[in-house]
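Engineer: Enclosed is the structure file model.txt (compact mmCIF, C-alpha atoms).
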# COMPACT_ATOMS: atom_id res chain seq x y z
CA MET M 1 41.00 48.76 17.37
CA TRP M 2 43.94 51.18 17.09
CA ARG M 3 44.56 50.78 20.83
CA ALA M 4 44.79 47.00 20.29
CA TYR M 5 47.29 47.61 17.48
CA LEU M 6 49.44 49.80 19.73
CA ALA M 7 49.18 47.24 22.55
CA PHE M 8 50.41 44.54 20.14
CA TYR M 9 53.56 46.62 19.69
CA GLU M 10 53.72 47.27 23.46
CA SER M 11 53.16 50.97 22.91
CA THR M 12 50.77 53.71 23.98
CA VAL M 13 50.27 57.33 22.99
CA PRO M 14 48.83 60.24 24.97
CA GLU M 15 45.10 60.96 24.62
CA ALA M 16 45.97 64.12 22.66
CA VAL M 17 47.59 61.95 19.98
CA TYR M 18 44.45 59.80 19.68
CA ALA M 19 42.37 62.94 19.26
CA SER M 20 44.74 64.44 16.70
CA THR M 21 45.03 61.23 14.69
CA PHE M 22 41.28 60.72 14.47
CA ALA M 23 40.68 64.38 13.63
CA ARG M 24 43.13 63.95 10.75
CA LEU M 25 41.45 60.72 9.65
CA LEU M 26 38.09 62.49 9.54
CA GLY M 27 39.41 65.72 8.01
CA ASP M 28 39.60 66.73 4.37
CA ASP M 29 43.29 67.69 4.07
CA PRO M 30 44.73 65.44 1.31
CA ARG M 31 48.08 65.33 3.17
CA ASP M 32 46.47 63.70 6.20
CA PHE M 33 45.94 60.03 6.86
CA ASN M 34 43.47 57.74 5.17
CA ALA M 35 41.98 54.61 6.69
CA LEU M 36 40.49 51.32 5.60
CA VAL M 37 38.75 48.85 7.87
CA ALA M 38 37.87 45.21 7.50
CA GLU M 39 34.59 43.81 8.79
CA LYS M 40 33.33 40.30 9.40
CA ASP M 41 29.71 39.71 10.36
CA GLY M 42 29.31 43.41 11.17
CA ALA M 43 32.30 43.55 13.53
CA LEU M 44 35.57 45.38 12.86
CA VAL M 45 38.40 42.89 12.45
CA GLY M 46 41.16 44.98 10.88
CA LEU M 47 42.42 48.44 10.02
CA ALA M 48 44.98 50.15 7.84
CA HIS M 49 46.20 53.74 8.07
CA TYR M 50 48.11 55.14 5.11
CA LEU M 51 49.20 58.46 3.66
CA PHE M 52 50.68 59.86 0.47
CA HIS M 53 53.80 62.01 0.41
CA ARG M 54 56.38 63.42 -1.96
CA HIS M 55 59.60 61.59 -2.64
CA ALA M 56 62.87 63.18 -3.72
CA TRP M 57 63.65 60.36 -6.17
CA LYS M 58 60.27 60.28 -7.91
CA ILE M 59 57.91 62.74 -9.56
CA GLU M 60 54.79 60.98 -8.32
CA GLU M 61 53.94 60.66 -4.65
CA VAL M 62 54.49 57.43 -2.74
CA CYS M 63 52.21 55.72 -0.23
CA TYR M 64 53.27 54.90 3.31
CA LEU M 65 51.22 52.17 4.97
CA GLN M 66 51.72 53.28 8.55
CA ASP M 67 49.47 50.96 10.55
CA LEU M 68 48.10 47.54 9.66
CA TYR M 69 46.22 45.42 12.17
CA ALA M 70 44.07 42.31 12.12
CA THR M 71 42.46 40.95 15.26
CA PRO M 72 44.26 37.88 16.61
CA GLU M 73 41.41 35.52 15.75
CA THR M 74 41.41 36.63 12.09
CA ARG M 75 45.14 36.49 11.43
CA GLY M 76 45.89 34.09 8.61
CA THR M 77 42.36 34.38 7.16
CA GLY M 78 43.09 37.00 4.49
CA VAL M 79 42.20 40.14 6.45
CA GLY M 80 45.72 41.59 6.29
CA ARG M 81 46.08 40.73 2.61
CA ALA M 82 42.73 42.36 1.81
CA LEU M 83 43.72 45.53 3.66
CA ILE M 84 47.09 45.72 1.91
CA GLU M 85 45.44 45.14 -1.45
CA GLY M 86 42.97 47.92 -0.57
CA VAL M 87 45.89 50.25 0.11
CA TYR M 88 47.50 49.14 -3.18
CA ALA M 89 44.25 50.02 -4.99
CA ALA M 90 44.07 53.43 -3.27
CA ALA M 91 47.70 54.09 -4.21
CA ASP M 92 47.02 53.14 -7.83
CA ALA M 93 43.98 55.44 -7.93
CA HIS M 94 46.14 58.24 -6.49
CA GLY M 95 48.91 57.64 -9.03
CA ALA M 96 51.37 56.46 -6.39
CA GLY M 97 52.99 53.32 -7.75
CA SER M 98 55.12 52.73 -4.67
CA VAL M 99 53.69 51.50 -1.36
CA TYR M 100 55.99 50.80 1.58
CA TRP M 101 55.70 49.88 5.25
CA LEU M 102 57.74 48.85 8.27
CA THR M 103 57.36 46.04 10.76
CA GLN M 104 59.31 44.67 13.65
CA ASP M 105 61.90 42.06 12.80
CA GLY M 106 60.29 39.50 15.10
CA ASN M 107 56.74 39.91 13.77
CA ARG M 108 56.86 36.50 12.09
CA THR M 109 53.13 36.10 11.45
CA ALA M 110 52.90 39.37 9.57
CA ARG M 111 56.20 38.83 7.79
CA ARG M 112 54.96 35.57 6.27
CA LEU M 113 52.24 37.62 4.55
CA TYR M 114 54.57 40.50 3.69
CA ASP M 115 57.05 38.13 2.07
CA ARG M 116 54.25 36.97 -0.28
CA ILE M 117 52.71 40.37 -1.06
CA GLY M 118 55.73 42.69 -0.97
CA ALA M 119 59.48 42.80 -1.40
CA LEU M 120 61.87 43.02 1.54
CA THR M 121 64.27 45.93 1.09
CA PRO M 122 67.83 46.17 2.40
CA PHE M 123 67.15 49.41 4.31
CA ILE M 124 67.51 49.66 8.07
CA LYS M 125 65.53 52.31 9.94
CA TYR M 126 67.29 54.82 12.16
CA GLN M 127 65.65 57.58 14.15
CA ARG M 128 66.72 60.43 16.33
CA ALA M 129 68.01 59.20 19.70
Write the structure described by the file as structure tokens, please.

Structural biologist:
Amino acid sequence: MWRAYLAFYESTVPEAVYASTFARLLGDDPRDFNALVAEKDGALVGLAHYLFHRHAWKIEEVCYLQDLYATPETRGTGVGRALIEGVYAAADAHGAGSVYWLTQDGNRTARRLYDRIGALTPFIKYQRA
């Protein structure tokens, strides 16, 4: 399912990254990733990867929702919303009141959901060239 998510964003990662990511997902280090999945009739139809980290402007940690994916046939059926709400619940249980995520500007389907369940910020992402 994660490969399908990366393909949606026209991206790939080396096999070593897959191995490292899944080792972290299955590990017990609280600084590593967490995952939620969505199922329908026993089949996986969505996933969310998230992590908690410190923030210089807050005492409590914040939650970064790094990956969110719903299979094409389930988009618009509540899968994405349920996964985000699951991450919100995990953040609340962790004491992290803030949850944030990124998406591509042109991801209109996802942004329709995000506009209902979150607040668009004025920040623009930069990264090392």

Engineer: One decimal, Å: what's the distance from CA of Ile59 (chain M) over to CA of Gly97 (chain M), could you say?

Structural biologist: 10.8 Å

Engineer: Would you compute the distance between CA of Leu113 (chain M) and CA of Arg81 (chain M)? Give it in Å to one decimal.

Structural biologist: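 Separation between CA of Leu113 (chain M) and CA of Arg81 (chain M): 7.2 Å.
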
Engineer: Skipping near chain neighbours, those fewer than 6 positions away, what residues fall within 12 Å of region 105-109 of chain M using all atoms listed in the file, listed as a PyMOL selection string?

Structural biologist: chain M and resi 8-9+69-70+72+74-77+80+115-116+120+124-125

Engineer: Could you write those residues out with C-alpha atoms, as a tab-separated table (two decimals), keeping the file's coordinate frame?

Structural biologist:
chain	number	residue	atom	x	y	z
M	8	PHE	CA	50.41	44.54	20.14
M	9	TYR	CA	53.56	46.62	19.69
M	69	TYR	CA	46.22	45.42	12.17
M	70	ALA	CA	44.07	42.31	12.12
M	72	PRO	CA	44.26	37.88	16.61
M	74	THR	CA	41.41	36.63	12.09
M	75	ARG	CA	45.14	36.49	11.43
M	76	GLY	CA	45.89	34.09	8.61
M	77	THR	CA	42.36	34.38	7.16
M	80	GLY	CA	45.72	41.59	6.29
M	115	ASP	CA	57.05	38.13	2.07
M	116	ARG	CA	54.25	36.97	-0.28
M	120	LEU	CA	61.87	43.02	1.54
M	124	ILE	CA	67.51	49.66	8.07
M	125	LYS	CA	65.53	52.31	9.94

Engineer: Could you tell me how far CA of Ala119 (chain M) lies from CA of Tyr64 (chain M), in Å and to one decimal?

Structural biologist: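 Separation between CA of Ala119 (chain M) and CA of Tyr64 (chain M): 14.4 Å.
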
Engineer: List the neighbours of Met1 (chain M) out to 10 Å using all atoms listed in the file; skip same-chain residues closer than 5 positions along the sequence, and give me the result as a list in words.

Structural biologist: Leu6, Ala7, Val37, Leu44, Val45, Gly46, Leu47, Tyr69, Ala70 and Thr71 of chain M

Engineer: Taking (47.8, 67.1, 4.9) as a centre in this file's frame and 12 Å as the limit, can you find every polymer residue with an atom that close, using only C-alpha atoms, and give them as a PyMOL selection string?

Structural biologist: chain M and resi 21+23-34+50-54

Engineer: For a quick check of understanding, using only C-alpha atoms, which of M:Gln104, M:His49, M:Cys63, M:Arg112 has the smallest distance to Glu10 (chain M)?

Structural biologist: M:Gln104

Engineer: Given the choices M:Ser98, M:Lys40, M:Tyr18, M:Arg3, which gets closest to Glu73 (chain M) if the distance is worked out from only C-alpha atoms?

Structural biologist: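 Among M:Ser98, M:Lys40, M:Tyr18, M:Arg3, it is M:Lys40 that comes nearest to Glu73 (chain M).
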
Engineer: Ranking M:Val62, M:Tyr114, M:Tyr126, M:Thr12 by minimum distance to Val99 (chain M) and counting all atoms listed in the file, which one comes first?

Structural biologist: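 Closest candidate: M:Val62.
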
Engineer: Would you mind writing region 87-98 of chain M with all heavy atoms, as an mmCIF file, keeping the file's coordinate frame?

Structural biologist:
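The resulting file, out32.cif, is shown below:
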data_model
loop_
_atom_site.group_PDB
_atom_site.id
_atom_site.type_symbol
_atom_site.label_atom_id
_atom_site.label_comp_id
_atom_site.auth_asym_id
_atom_site.auth_seq_id
_atom_site.Cartn_x
_atom_site.Cartn_y
_atom_site.Cartn_z
ATOM 1 N N VAL M 87 44.948 49.130 0.137
ATOM 2 C CA VAL M 87 45.890 50.250 0.110
ATOM 3 C C VAL M 87 46.560 50.317 -1.265
ATOM 4 O O VAL M 87 46.734 51.410 -1.822
ATOM 5 C CB VAL M 87 46.929 50.147 1.245
ATOM 6 C CG1 VAL M 87 48.019 51.197 1.092
ATOM 7 C CG2 VAL M 87 46.237 50.286 2.601
ATOM 8 N N TYR M 88 46.934 49.165 -1.825
ATOM 9 C CA TYR M 88 47.500 49.140 -3.180
ATOM 10 C C TYR M 88 46.524 49.794 -4.170
ATOM 11 O O TYR M 88 46.925 50.592 -5.014
ATOM 12 C CB TYR M 88 47.786 47.718 -3.638
ATOM 13 C CG TYR M 88 49.014 47.039 -3.064
ATOM 14 C CD1 TYR M 88 49.271 45.716 -3.392
ATOM 15 C CD2 TYR M 88 49.906 47.680 -2.218
ATOM 16 C CE1 TYR M 88 50.391 45.053 -2.898
ATOM 17 C CE2 TYR M 88 51.013 47.018 -1.719
ATOM 18 C CZ TYR M 88 51.259 45.707 -2.058
ATOM 19 O OH TYR M 88 52.362 45.052 -1.570
ATOM 20 N N ALA M 89 45.256 49.460 -4.076
ATOM 21 C CA ALA M 89 44.250 50.020 -4.990
ATOM 22 C C ALA M 89 44.125 51.531 -4.784
ATOM 23 O O ALA M 89 44.024 52.288 -5.758
ATOM 24 C CB ALA M 89 42.903 49.341 -4.782
ATOM 25 N N ALA M 90 44.138 51.987 -3.543
ATOM 26 C CA ALA M 90 44.070 53.430 -3.270
ATOM 27 C C ALA M 90 45.304 54.135 -3.824
ATOM 28 O O ALA M 90 45.204 55.228 -4.387
ATOM 29 C CB ALA M 90 43.933 53.676 -1.768
ATOM 30 N N ALA M 91 46.466 53.514 -3.676
ATOM 31 C CA ALA M 91 47.700 54.090 -4.210
ATOM 32 C C ALA M 91 47.635 54.183 -5.732
ATOM 33 O O ALA M 91 48.005 55.209 -6.319
ATOM 34 C CB ALA M 91 48.910 53.270 -3.770
ATOM 35 N N ASP M 92 47.158 53.124 -6.367
ATOM 36 C CA ASP M 92 47.020 53.140 -7.830
ATOM 37 C C ASP M 92 46.074 54.255 -8.266
ATOM 38 O O ASP M 92 46.367 54.986 -9.216
ATOM 39 C CB ASP M 92 46.527 51.794 -8.341
ATOM 40 C CG ASP M 92 47.560 50.684 -8.200
ATOM 41 O OD1 ASP M 92 48.752 50.991 -7.967
ATOM 42 O OD2 ASP M 92 47.157 49.512 -8.307
ATOM 43 N N ALA M 93 44.952 54.397 -7.588
ATOM 44 C CA ALA M 93 43.980 55.440 -7.930
ATOM 45 C C ALA M 93 44.574 56.834 -7.736
ATOM 46 O O ALA M 93 44.235 57.774 -8.457
ATOM 47 C CB ALA M 93 42.711 55.284 -7.095
ATOM 48 N N HIS M 94 45.486 56.964 -6.778
ATOM 49 C CA HIS M 94 46.140 58.240 -6.490
ATOM 50 C C HIS M 94 47.313 58.509 -7.437
ATOM 51 O O HIS M 94 47.835 59.618 -7.475
ATOM 52 C CB HIS M 94 46.614 58.234 -5.029
ATOM 53 C CG HIS M 94 47.135 59.530 -4.531
ATOM 54 N ND1 HIS M 94 46.325 60.548 -4.096
ATOM 55 C CD2 HIS M 94 48.406 59.992 -4.405
ATOM 56 C CE1 HIS M 94 47.065 61.582 -3.715
ATOM 57 N NE2 HIS M 94 48.338 61.267 -3.888
ATOM 58 N N GLY M 95 47.746 57.494 -8.158
ATOM 59 C CA GLY M 95 48.910 57.640 -9.030
ATOM 60 C C GLY M 95 50.225 57.415 -8.319
ATOM 61 O O GLY M 95 51.280 57.825 -8.791
ATOM 62 N N ALA M 96 50.170 56.760 -7.164
ATOM 63 C CA ALA M 96 51.370 56.460 -6.390
ATOM 64 C C ALA M 96 51.701 54.983 -6.577
ATOM 65 O O ALA M 96 51.098 54.116 -5.955
ATOM 66 C CB ALA M 96 51.137 56.763 -4.907
ATOM 67 N N GLY M 97 52.656 54.701 -7.448
ATOM 68 C CA GLY M 97 52.990 53.320 -7.750
ATOM 69 C C GLY M 97 53.717 52.594 -6.644
ATOM 70 O O GLY M 97 53.723 51.374 -6.590
ATOM 71 N N SER M 98 54.334 53.334 -5.744
ATOM 72 C CA SER M 98 55.120 52.730 -4.670
ATOM 73 C C SER M 98 54.350 52.769 -3.357
ATOM 74 O O SER M 98 53.843 53.815 -2.952
ATOM 75 C CB SER M 98 56.446 53.487 -4.521
ATOM 76 O OG SER M 98 57.199 52.976 -3.445
#
